[in-house]
>>> print(open('start_6.csv').read())   # CSV, C-alpha atoms
chain,number,residue,atom,x,y,z
A,1482,MET,CA,205.1,219.9,221.5
A,1483,ARG,CA,207.1,216.7,222.0
A,1484,ASN,CA,206.4,214.5,224.9
A,1485,LEU,CA,209.1,213.6,227.5
A,1486,VAL,CA,208.5,209.9,228.4
A,1487,LEU,CA,210.1,208.3,231.5
A,1488,PHE,CA,210.9,204.6,231.1
A,1489,MET,CA,211.8,203.0,234.4
A,1490,HIS,CA,211.8,199.7,236.4
A,1491,ILE,CA,210.6,200.1,239.9
A,1492,SER,CA,209.9,198.0,242.9
A,1493,LEU,CA,206.4,197.8,244.3
A,1494,ASP,CA,207.4,200.3,246.9
A,1495,GLY,CA,208.7,202.8,244.3
A,1496,MET,CA,212.4,202.2,244.5
A,1497,VAL,CA,214.6,202.1,241.4
A,1498,ALA,CA,217.7,200.6,243.1
A,1499,ARG,CA,218.8,199.1,246.4
A,1500,THR,CA,220.5,201.4,248.9
A,1501,ASP,CA,223.9,200.4,247.5
A,1502,GLY,CA,222.7,201.1,243.9
A,1503,ALA,CA,222.2,197.5,243.0
A,1504,MET,CA,219.5,196.7,240.4
A,1505,ASP,CA,219.9,192.9,240.5
A,1506,TRP,CA,216.2,192.5,241.5
A,1507,ILE,CA,214.9,193.8,238.1
A,1508,LYS,CA,213.2,191.1,235.9
A,1509,VAL,CA,213.8,191.3,232.2
A,1510,SER,CA,212.5,188.9,229.6
A,1511,ASN,CA,212.2,188.7,225.8
A,1512,GLU,CA,208.5,189.5,226.2
A,1513,LEU,CA,209.4,192.8,228.0
A,1514,PHE,CA,212.1,193.6,225.5
A,1515,GLU,CA,209.7,193.2,222.6
A,1516,TYR,CA,207.2,195.5,224.4
A,1517,ALA,CA,209.9,198.1,225.1
A,1518,ASN,CA,211.3,198.0,221.6
A,1519,ALA,CA,207.9,198.9,220.1
A,1520,ARG,CA,207.8,201.9,222.4
A,1521,THR,CA,211.4,203.1,221.8
A,1522,GLN,CA,210.8,203.1,218.0
A,1523,VAL,CA,208.6,206.2,218.3
A,1524,ALA,CA,211.3,208.2,220.1
A,1525,ASP,CA,214.1,209.8,218.1
A,1526,THR,CA,215.8,211.5,221.1
A,1527,ALA,CA,217.0,210.1,224.4
A,1528,LEU,CA,217.7,212.0,227.7
A,1529,TYR,CA,220.0,210.7,230.4
A,1530,GLY,CA,221.7,211.8,233.5
A,1531,ARG,CA,225.4,211.4,233.4
A,1532,LYS,CA,225.7,208.2,235.4
A,1533,THR,CA,223.1,206.4,233.3
A,1534,PHE,CA,224.5,207.7,230.1
A,1535,GLU,CA,228.0,206.4,231.0
A,1536,MET,CA,226.5,203.0,231.8
A,1537,MET,CA,224.5,202.9,228.5
A,1538,ASP,CA,227.3,204.3,226.4
A,1539,ALA,CA,229.7,201.6,227.7
A,1540,TYR,CA,227.5,198.9,226.3
A,1541,TRP,CA,225.1,199.9,223.6
A,1542,PRO,CA,227.3,201.3,220.8
A,1543,THR,CA,228.9,197.9,220.2
A,1544,ALA,CA,226.3,195.5,221.7
A,1545,ALA,CA,225.3,194.1,218.3
A,1546,ASP,CA,228.9,193.5,217.3
A,1547,GLY,CA,229.7,190.7,219.8
A,1548,PRO,CA,229.4,187.0,219.1
A,1549,ASN,CA,225.8,185.8,219.0
A,1550,PRO,CA,224.0,189.1,219.9
A,1551,SER,CA,220.4,188.7,221.0
A,1552,LYS,CA,217.6,190.2,218.9
A,1553,HIS,CA,217.2,192.8,221.6
A,1554,ASP,CA,220.9,193.7,221.5
A,1555,ILE,CA,220.7,194.2,217.7
A,1556,GLU,CA,217.5,196.2,217.8
A,1557,HIS,CA,218.4,198.4,220.7
A,1558,ALA,CA,222.0,199.0,219.7
A,1559,THR,CA,220.7,200.2,216.2
A,1560,TRP,CA,218.2,202.5,217.9
A,1561,TYR,CA,220.8,203.8,220.3
A,1562,ASN,CA,223.4,204.5,217.7
A,1563,ASN,CA,220.9,206.4,215.5
A,1564,THR,CA,219.3,208.4,218.2
A,1565,LEU,CA,220.2,211.9,219.4
A,1566,LYS,CA,221.2,211.7,223.0
A,1567,TYR,CA,221.1,214.6,225.5
A,1568,VAL,CA,223.1,214.1,228.8
A,1569,VAL,CA,222.4,216.3,231.8
A,1570,SER,CA,225.5,216.7,233.9
A,1571,GLU,CA,226.6,219.5,236.3
A,1572,ASN,CA,230.2,219.0,235.1
A,1573,ALA,CA,229.7,218.1,231.5
A,1574,ALA,CA,232.7,215.8,231.1
A,1575,GLY,CA,232.1,215.0,227.4
A,1576,GLN,CA,232.5,216.7,224.1
A,1577,ASN,CA,229.4,217.4,222.1
A,1578,THR,CA,229.1,215.3,218.9
A,1579,ASP,CA,226.5,215.1,216.2
A,1580,LYS,CA,224.7,212.4,218.3
A,1581,ILE,CA,225.5,213.4,221.9
A,1582,LYS,CA,224.8,216.8,223.4
A,1583,PHE,CA,225.6,217.8,227.0
A,1584,ILE,CA,223.5,220.0,229.2
A,1585,SER,CA,225.2,221.5,232.2
A,1586,ASP,CA,223.3,224.6,233.0
A,1587,ASP,CA,219.7,226.0,233.0
A,1588,VAL,CA,218.4,222.5,232.8
A,1589,LYS,CA,214.7,223.4,233.1
A,1590,ALA,CA,214.8,225.9,230.2
A,1591,ARG,CA,217.0,223.7,228.0
A,1592,ILE,CA,214.6,220.7,228.4
A,1593,SER,CA,211.6,222.9,227.8
A,1594,ASP,CA,213.2,224.2,224.6
A,1595,LEU,CA,214.0,220.6,223.5
A,1596,LYS,CA,210.4,219.7,224.0
A,1597,LYS,CA,209.4,222.5,221.7
A,1598,GLN,CA,211.6,221.3,218.8
A,1599,GLU,CA,210.3,219.2,215.9
A,1600,GLY,CA,210.7,215.5,216.2
A,1601,GLY,CA,209.5,212.3,217.8
A,1602,GLU,CA,209.2,211.6,221.5
A,1603,ILE,CA,212.0,212.1,224.0
A,1604,ILE,CA,212.6,209.0,226.0
A,1605,MET,CA,214.4,208.9,229.3
A,1606,PHE,CA,215.8,205.7,230.6
A,1607,GLY,CA,216.8,205.5,234.3
A,1608,SER,CA,218.4,208.6,235.8
A,1609,PRO,CA,216.3,208.8,238.9
A,1610,GLY,CA,217.8,212.0,240.3
A,1611,LEU,CA,217.1,213.8,237.0
A,1612,ALA,CA,213.7,212.2,236.8
A,1613,ARG,CA,212.7,213.5,240.3
A,1614,TYR,CA,213.9,217.0,239.3
A,1615,LEU,CA,212.0,217.0,236.0
A,1616,MET,CA,208.8,215.7,237.8
A,1617,GLN,CA,209.0,218.6,240.3
A,1618,GLU,CA,209.3,221.0,237.3
A,1619,GLY,CA,206.3,219.4,235.6
A,1620,LEU,CA,208.4,218.4,232.5
A,1621,ILE,CA,207.6,214.7,232.3
A,1622,ASP,CA,204.5,214.0,230.2
A,1623,GLU,CA,204.3,210.2,230.3
A,1624,PHE,CA,205.4,207.4,232.6
A,1625,TRP,CA,206.2,203.9,231.4
A,1626,LEU,CA,206.8,202.1,234.6
A,1627,PHE,CA,207.7,198.4,235.0
A,1628,ILE,CA,206.7,197.4,238.5
A,1629,ASN,CA,208.7,194.4,239.6
A,1630,PRO,CA,207.1,192.0,242.1
A,1631,ILE,CA,209.4,192.9,245.0
A,1632,VAL,CA,209.3,195.2,248.0
A,1633,LEU,CA,212.8,196.5,248.8
A,1634,GLY,CA,211.9,198.4,252.0
A,1635,ALA,CA,214.6,201.0,251.3
A,1636,GLY,CA,216.7,202.2,248.4
A,1637,VAL,CA,216.7,204.9,245.8
A,1638,PRO,CA,213.2,206.3,245.4
A,1639,LEU,CA,211.8,207.3,242.0
A,1640,PHE,CA,209.2,209.9,243.1
A,1641,PRO,CA,209.9,213.3,244.6
A,1642,ASN,CA,207.9,214.6,247.6
A,1643,ALA,CA,205.4,216.3,245.3
A,1644,GLU,CA,201.9,215.5,244.1
A,1645,ILE,CA,201.7,214.4,240.5
A,1646,LYS,CA,198.3,213.5,239.1
A,1647,LEU,CA,198.3,210.8,236.5
A,1648,LYS,CA,195.8,209.1,234.3
A,1649,LEU,CA,196.2,205.4,233.4
A,1650,GLU,CA,196.4,204.8,229.7
A,1651,LYS,CA,197.3,201.1,229.6
A,1652,SER,CA,198.6,198.2,231.7
A,1653,THR,CA,200.2,195.0,230.7
A,1654,THR,CA,201.0,192.0,232.9
A,1655,PHE,CA,204.1,190.0,231.9
A,1656,ALA,CA,204.5,186.3,232.5
A,1657,ASP,CA,207.2,186.9,235.0
A,1658,GLY,CA,204.9,189.0,237.2
A,1659,VAL,CA,206.2,192.4,236.1
A,1660,LEU,CA,203.3,194.9,235.6
A,1661,GLY,CA,203.9,197.5,232.9
A,1662,VAL,CA,201.8,200.6,233.4
A,1663,HIS,CA,201.6,203.6,231.1
A,1664,TYR,CA,200.4,206.8,232.7
A,1665,ILE,CA,200.0,210.3,231.3
A,1666,LYS,CA,200.3,213.5,233.4
A,1667,GLU,CA,196.9,215.1,233.9
>>> encode(input="start_6.csv", output="structure tokens")
Amino acid sequence: MRNLVLFMHISLDGMVARTDGAMDWIKVSNELFEYANARTQVADTALYGRKTFEMMDAYWPTAADGPNPSKHDIEHATWYNNTLKYVVSENAAGQNTDKIKFISDDVKARISDLKKQEGGEIIMFGSPGLARYLMQEGLIDEFWLFINPIVLGAGVPLFPNAEIKLKLEKSTTFADGVLGVHYIKE
């Protein structure tokens, strides 16, 4: 059985974005990129909600092609372009390709079936609405959370109104004050 791993930046009070959707408070550094890159290399499948996919797909396919791309841009663009991507969307606006598959119905069963297939981990970046749904359905196995040193007070929450028991596997403190925590579902 493949693990579904949620990879998310959050505020100390559990928000993933400001009320207006802004994520300008998220701290990223080369140290965090190196840490994240090591993690993504064990995943051969990505899962996105439609909005997150559109944001990612607008940047990553050509991120390494620009003038002076960063090491992170080169590494993540290579991973992104080689990875099978599943996009959950009620109104699947895209066409399936060999690297992009759309899921528009029976999401719980389709994700459950995907987890049963052969392969590496399934990693999910962002997509808080989809993440809350999958948490409620018990389908997320691991949580890689990057807790930023800020309290937003209001915004888009990550967690649903449901109890989820977790076990801490690892924590890492980054120089910029971000705390990386790796939890597995009990």
>>> closest_residue(input="start_6.csv", among="A:Ile1604, A:Leu1633, A:Arg1531, A:Leu1565", to="A:Trp1506", atoms="all atoms listed in the file")
A:Leu1633
>>> residues_around(input="start_6.csv", residues="A:Ser1510", least_positions_apart="4", cutoff="12 Å", atoms="only C-alpha atoms", output="tab-separated table (two decimals) with C-alpha atoms, in the frame of the given file")
chain	number	residue	atom	x	y	z
A	1514	PHE	CA	212.10	193.60	225.50
A	1515	GLU	CA	209.70	193.20	222.60
A	1516	TYR	CA	207.20	195.50	224.40
A	1517	ALA	CA	209.90	198.10	225.10
A	1551	SER	CA	220.40	188.70	221.00
A	1552	LYS	CA	217.60	190.20	218.90
A	1553	HIS	CA	217.20	192.80	221.60
A	1627	PHE	CA	207.70	198.40	235.00
A	1655	PHE	CA	204.10	190.00	231.90
A	1656	ALA	CA	204.50	186.30	232.50
A	1657	ASP	CA	207.20	186.90	235.00
A	1658	GLY	CA	204.90	189.00	237.20
A	1659	VAL	CA	206.20	192.40	236.10
>>> residues_around(input="start_6.csv", residues="A:Gly1600", least_positions_apart="5", cutoff="10 Å", atoms="all atoms listed in the file", output="mmCIF file with C-alpha atoms, keeping the file's coordinate frame")
data_model
loop_
_atom_site.group_PDB
_atom_site.id
_atom_site.type_symbol
_atom_site.label_atom_id
_atom_site.label_comp_id
_atom_site.auth_asym_id
_atom_site.auth_seq_id
_atom_site.Cartn_x
_atom_site.Cartn_y
_atom_site.Cartn_z
ATOM 1 C CA MET A 1482 205.100 219.900 221.500
ATOM 2 C CA ARG A 1483 207.100 216.700 222.000
ATOM 3 C CA ASN A 1484 206.400 214.500 224.900
ATOM 4 C CA VAL A 1523 208.600 206.200 218.300
ATOM 5 C CA ALA A 1524 211.300 208.200 220.100
ATOM 6 C CA ASP A 1525 214.100 209.800 218.100
ATOM 7 C CA THR A 1526 215.800 211.500 221.100
ATOM 8 C CA LEU A 1595 214.000 220.600 223.500
#
>>> residues_around(input="start_6.csv", residues="A:Glu1644", least_positions_apart="2", cutoff="12 Å", atoms="all atoms listed in the file", output="PyMOL selection string")
chain A and resi 1613+1616-1619+1640-1642+1646-1647+1666-1667
>>> residues_around(input="start_6.csv", residues="A:Ala1527", least_positions_apart="6", cutoff="10 Å", atoms="all atoms listed in the file", output="number ranges by chain")
A: 1485-1486, 1521, 1534, 1561, 1564-1568, 1581, 1602-1606
>>> axis_aligned_box(input="start_6.csv", around="stretch 1601-1608 of chain A", padding_each_side="8 Å", output="lines of an AutoDock Vina configuration file")
center_x = 213.8
center_y = 208.9
center_z = 226.8
size_x = 25.2
size_y = 22.8
size_z = 34.0
>>> residues_around(input="start_6.csv", residues="A:Ile1592", least_positions_apart="4", cutoff="8 Å", atoms="only C-alpha atoms", output="list in words")
Val1588, Lys1596 and Leu1620 of chain A
>>> write_last_selection(input="start_6.csv", atoms="C-alpha atoms", output="short mmCIF file (atom, residue, chain, number, x, y, z; two decimals), in the frame of the given file")
data_model
loop_
_atom_site.label_atom_id
_atom_site.label_comp_id
_atom_site.auth_asym_id
_atom_site.auth_seq_id
_atom_site.Cartn_x
_atom_site.Cartn_y
_atom_site.Cartn_z
CA VAL A 1588 218.40 222.50 232.80
CA LYS A 1596 210.40 219.70 224.00
CA LEU A 1620 208.40 218.40 232.50
#
>>> closest_residue(input="start_6.csv", among="A:Val1662, A:Glu1512, A:Gly1601, A:Pro1609", to="A:Trp1625", atoms="all atoms listed in the file")
A:Val1662
>>> closest_residue(input="start_6.csv", among="A:Ala1498, A:Met1489, A:Met1537, A:Ala1558", to="A:Pro1638", atoms="all atoms listed in the file")
A:Ala1498
>>> atom_distance(input="start_6.csv", atom1="atom CA of A:Val1637", atom2="atom CA of A:Gly1530")
15.0 Å
>>> closest_residue(input="start_6.csv", among="A:Met1504, A:Leu1611, A:Met1536, A:Glu1556", to="A:Ala1519", atoms="all atoms listed in the file")
A:Glu1556
>>> atom_distance(input="start_6.csv", atom1="atom CA of A:Thr1543", atom2="atom CA of A:Asp1505")
22.8 Å
>>> atom_distance(input="start_6.csv", atom1="atom CA of A:Ala1590", atom2="atom CA of A:Ser1608")
18.5 Å
>>> closest_residue(input="start_6.csv", among="A:Glu1571, A:Ser1652, A:Glu1623, A:Lys1580", to="A:Asp1538", atoms="all atoms listed in the file")
A:Lys1580
>>> decode(input="start_6.csv", residues="stretch 1501-1522 of chain A", atoms="N, CA and C atoms", output="compact mmCIF listing (two decimals), in the first residue's frame")
# COMPACT_ATOMS: atom_id res chain seq x y z
N ASP A 1501 -7.81 36.36 2.48
CA ASP A 1501 -7.89 36.69 1.05
C ASP A 1501 -7.12 35.71 0.17
N GLY A 1502 -6.59 34.65 0.75
CA GLY A 1502 -5.85 33.64 0.00
C GLY A 1502 -4.35 33.89 -0.10
N ALA A 1503 -3.88 35.04 0.38
CA ALA A 1503 -2.46 35.38 0.28
C ALA A 1503 -1.60 34.45 1.13
N MET A 1504 -0.44 34.10 0.57
CA MET A 1504 0.52 33.24 1.27
C MET A 1504 1.87 33.93 1.38
N ASP A 1505 1.85 35.26 1.44
CA ASP A 1505 3.08 36.04 1.47
C ASP A 1505 3.84 35.94 2.79
N TRP A 1506 3.29 35.29 3.76
CA TRP A 1506 3.90 35.12 5.07
C TRP A 1506 4.77 33.86 5.14
N ILE A 1507 4.70 33.00 4.13
CA ILE A 1507 5.45 31.74 4.14
C ILE A 1507 6.93 32.01 3.92
N LYS A 1508 7.75 31.43 4.79
CA LYS A 1508 9.21 31.57 4.68
C LYS A 1508 9.76 30.38 3.91
N VAL A 1509 10.55 30.66 2.90
CA VAL A 1509 11.23 29.60 2.17
C VAL A 1509 12.71 29.96 2.12
N SER A 1510 13.53 28.95 2.14
CA SER A 1510 14.97 29.15 2.13
C SER A 1510 15.62 28.01 1.35
N ASN A 1511 16.86 28.20 0.99
CA ASN A 1511 17.58 27.11 0.32
C ASN A 1511 17.68 25.89 1.23
N GLU A 1512 17.83 26.12 2.53
CA GLU A 1512 17.87 25.02 3.49
C GLU A 1512 16.57 24.21 3.44
N LEU A 1513 15.44 24.88 3.41
CA LEU A 1513 14.16 24.19 3.34
C LEU A 1513 13.98 23.51 1.99
N PHE A 1514 14.42 24.16 0.90
CA PHE A 1514 14.34 23.54 -0.42
C PHE A 1514 15.12 22.24 -0.48
N GLU A 1515 16.32 22.22 0.10
CA GLU A 1515 17.14 21.00 0.11
C GLU A 1515 16.43 19.89 0.89
N TYR A 1516 15.87 20.24 2.02
CA TYR A 1516 15.15 19.30 2.86
C TYR A 1516 13.94 18.73 2.10
N ALA A 1517 13.18 19.62 1.46
CA ALA A 1517 11.98 19.20 0.74
C ALA A 1517 12.34 18.36 -0.48
N ASN A 1518 13.40 18.72 -1.18
CA ASN A 1518 13.81 17.98 -2.37
C ASN A 1518 14.14 16.52 -2.02
N ALA A 1519 14.81 16.32 -0.91
CA ALA A 1519 15.14 14.95 -0.49
C ALA A 1519 13.86 14.15 -0.27
N ARG A 1520 12.84 14.81 0.21
CA ARG A 1520 11.58 14.13 0.48
C ARG A 1520 10.82 13.83 -0.81
N THR A 1521 10.77 14.78 -1.73
CA THR A 1521 9.99 14.57 -2.95
C THR A 1521 10.58 13.47 -3.82
N GLN A 1522 11.86 13.21 -3.68
CA GLN A 1522 12.51 12.21 -4.54
C GLN A 1522 11.98 10.80 -4.30
